[in-house]
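Written out below as structure tokens is the structure these notes cover.
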Amino acid sequence: MTRPSPTQTFLLRRAVTRPGKLILPLPDNLRGNIADRVLQTLLAKGFIEEVDADLGSGEPLWRRVDDGSETTLIATAEGLAAIGIRLSEAEANALASRRHMTREAAKARATAAKICLPAMRSGTKQAALIALLQRPEGASTAEISAATSWLDHTIRGAISGVLKRRLGLTVAAEKVDGRGMVYRITAEG
């Protein structure tokens, strides 16, 4: 099992003392890109999970999803086990129940909106790339390069790194005669 970093361990230990095993709010000295990087790593490892927030009971907001629902972050049993903390059976069942309800809500949201894109600034090259790939005909590397002034290796890196890994989008690639490699964002996934 992957061991959490000292900062990740600190956040998971704080969550143990909070009702619902909440990760948020973060300490004041953890902000910006560093905080985002730590949380994204914890999410990728499965040590924390995004769940529907109960703002009425004072749970802190992590983000608003496109459908208007609000989410927060909680420590998972796997994350707590990684720092040597075992939950009681009742706590583990409560955590699993909340995670299950959130997965069902996420499936319903995904069905309602075929492709759910995170909020982003308009006018950026990343926004232009996504707009090109959302077209029914997709976009070739030459078309993307003309719109963004990126070289081919930058385009491939943005698709695999940002779109696929960070944003979780499903991007299909196919070789088309006369156009070369054509990429398209699909709803499968």
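Residue numbering restarts at 1 for every chain of the structure tokens, chains are lettered A, B, ... in their displayed order, and ligands are numbered from 1 as they appear.
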
Using only C-alpha atoms, which residues sit within 10 Å of A:Pro136 once same-chain residues fewer than 4 positions away are excluded, as a PDB file with all heavy atoms, in the first residue's frame?
ATOM      1  N   LEU A 132     -12.975  22.127 -29.267  1.00  0.00           N
ATOM      2  CA  LEU A 132     -12.681  21.428 -30.521  1.00  0.00           C
ATOM      3  C   LEU A 132     -12.997  19.934 -30.400  1.00  0.00           C
ATOM      4  O   LEU A 132     -13.554  19.333 -31.323  1.00  0.00           O
ATOM      5  CB  LEU A 132     -11.209  21.610 -30.903  1.00  0.00           C
ATOM      6  CG  LEU A 132     -10.798  22.989 -31.412  1.00  0.00           C
ATOM      7  CD1 LEU A 132      -9.285  23.094 -31.492  1.00  0.00           C
ATOM      8  CD2 LEU A 132     -11.428  23.249 -32.773  1.00  0.00           C
ATOM      9  N   ARG A 184     -11.582  12.983 -30.041  1.00  0.00           N
ATOM     10  CA  ARG A 184     -12.977  13.344 -29.793  1.00  0.00           C
ATOM     11  C   ARG A 184     -13.316  13.000 -28.353  1.00  0.00           C
ATOM     12  O   ARG A 184     -12.981  11.927 -27.870  1.00  0.00           O
ATOM     13  CB  ARG A 184     -13.861  12.564 -30.750  1.00  0.00           C
ATOM     14  CG  ARG A 184     -15.318  12.797 -30.676  1.00  0.00           C
ATOM     15  CD  ARG A 184     -16.097  11.990 -31.731  1.00  0.00           C
ATOM     16  NE  ARG A 184     -15.647  12.253 -33.094  1.00  0.00           N
ATOM     17  CZ  ARG A 184     -14.909  11.437 -33.840  1.00  0.00           C
ATOM     18  NH1 ARG A 184     -14.559  10.265 -33.371  1.00  0.00           N
ATOM     19  NH2 ARG A 184     -14.544  11.754 -35.050  1.00  0.00           N
ATOM     20  N   ILE A 185     -13.984  13.909 -27.624  1.00  0.00           N
ATOM     21  CA  ILE A 185     -14.467  13.605 -26.280  1.00  0.00           C
ATOM     22  C   ILE A 185     -15.742  12.796 -26.437  1.00  0.00           C
ATOM     23  O   ILE A 185     -16.659  13.181 -27.172  1.00  0.00           O
ATOM     24  CB  ILE A 185     -14.738  14.880 -25.474  1.00  0.00           C
ATOM     25  CG1 ILE A 185     -13.427  15.623 -25.201  1.00  0.00           C
ATOM     26  CG2 ILE A 185     -15.438  14.554 -24.151  1.00  0.00           C
ATOM     27  CD1 ILE A 185     -13.576  16.933 -24.487  1.00  0.00           C
ATOM     28  N   THR A 186     -15.794  11.639 -25.765  1.00  0.00           N
ATOM     29  CA  THR A 186     -16.969  10.764 -25.848  1.00  0.00           C
ATOM     30  C   THR A 186     -17.647  10.673 -24.493  1.00  0.00           C
ATOM     31  O   THR A 186     -17.054  10.995 -23.467  1.00  0.00           O
ATOM     32  CB  THR A 186     -16.565   9.363 -26.318  1.00  0.00           C
ATOM     33  OG1 THR A 186     -15.694   8.779 -25.352  1.00  0.00           O
ATOM     34  CG2 THR A 186     -15.867   9.399 -27.672  1.00  0.00           C
TER      35      THR A 186
END

Using DSSP assignments from the backbone, pull out every residue in stretch 2-179 of chain A that falls under helix (DSSP H, G or I) and give it to me as an MDAnalysis selection string. chainID A and resid 6:16 19:21 32:45 55:57 77:82 89:112 125:134 141:148 152:166

What does the distance between atom CA of A:Lys164 and atom CA of A:Ala53 come to in Å, to one decimal place?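 Computed distance, atom CA of A:Lys164 to atom CA of A:Ala53, equals 25.7 Å.
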
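Among A:Pro25, A:Gly46, A:Gly79, A:Pro6, the residue with the shortest atom-to-atom distance to A:Leu61, counting only C-alpha atoms, is A:Pro25.
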
How far is it from atom CA of A:Gly58 to atom CA of A:Ala92, in Å with one decimal?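 Here the two named atoms are 21.8 Å from each other.
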
Residues near A:Leu151, cut-off 9 Å, only C-alpha atoms, skip fewer than 5 positions along chain, as a PDB file with C-alpha atoms, in the first residue's frame:
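Saved as selection_13.pdb:
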ATOM      1  CA  THR A 141      -3.741  17.511 -34.348  1.00  0.00           C
ATOM      2  CA  SER A 145      -2.297  23.204 -33.398  1.00  0.00           C
ATOM      3  CA  ARG A 156      -0.829  14.751 -26.853  1.00  0.00           C
TER       4      ARG A 156
END

Neighbouring residues of A:Lys21 were defined as those with any atom within 9 Å, considering only C-alpha atoms; residues of the same chain fewer than 5 positions away were excluded. Please report them as a ChimeraX atom specification. /A:12,14-16,73-76,95

Atom CA of A:Pro27 to atom CA of A:Gln40, distance in Å rounded to a single decimal: 16.3 Å

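The shortest atom-to-atom distance to A:Phe47, with only C-alpha atoms taken into account, belongs to A:Gln8 out of A:Thr17, A:Ser140, A:Asn33, A:Gln8.
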
I want to know what sits within 12 Å of A:Glu137, based on only C-alpha atoms, with residues of the same chain fewer than 6 positions away left out; could you give that as a list in words? Ala131, Glu143, Ala172, Ala173, Glu174, Val176, Arg179, Met181, Val182, Tyr183, Arg184, Ile185 and Thr186 of chain A

If you keep C-alpha atoms, can you produce a file of those selected residues as a PDB file, in the first residue's frame?
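Once everything was written out, this is again-v4.pdb:
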ATOM      1  CA  ALA A 131     -14.438  22.922 -27.478  1.00  0.00           C
ATOM      2  CA  GLU A 143      -6.628  21.720 -36.309  1.00  0.00           C
ATOM      3  CA  ALA A 172     -11.243   8.632 -28.276  1.00  0.00           C
ATOM      4  CA  ALA A 173      -8.521   8.716 -30.917  1.00  0.00           C
ATOM      5  CA  GLU A 174      -8.719   7.346 -34.433  1.00  0.00           C
ATOM      6  CA  VAL A 176      -8.756   9.265 -40.376  1.00  0.00           C
ATOM      7  CA  ARG A 179      -6.937  14.280 -41.470  1.00  0.00           C
ATOM      8  CA  MET A 181      -5.043  11.398 -35.897  1.00  0.00           C
ATOM      9  CA  VAL A 182      -8.447  12.736 -34.804  1.00  0.00           C
ATOM     10  CA  TYR A 183      -9.426  13.119 -31.138  1.00  0.00           C
ATOM     11  CA  ARG A 184     -12.977  13.344 -29.793  1.00  0.00           C
ATOM     12  CA  ILE A 185     -14.467  13.605 -26.280  1.00  0.00           C
ATOM     13  CA  THR A 186     -16.969  10.764 -25.848  1.00  0.00           C
TER      14      THR A 186
END
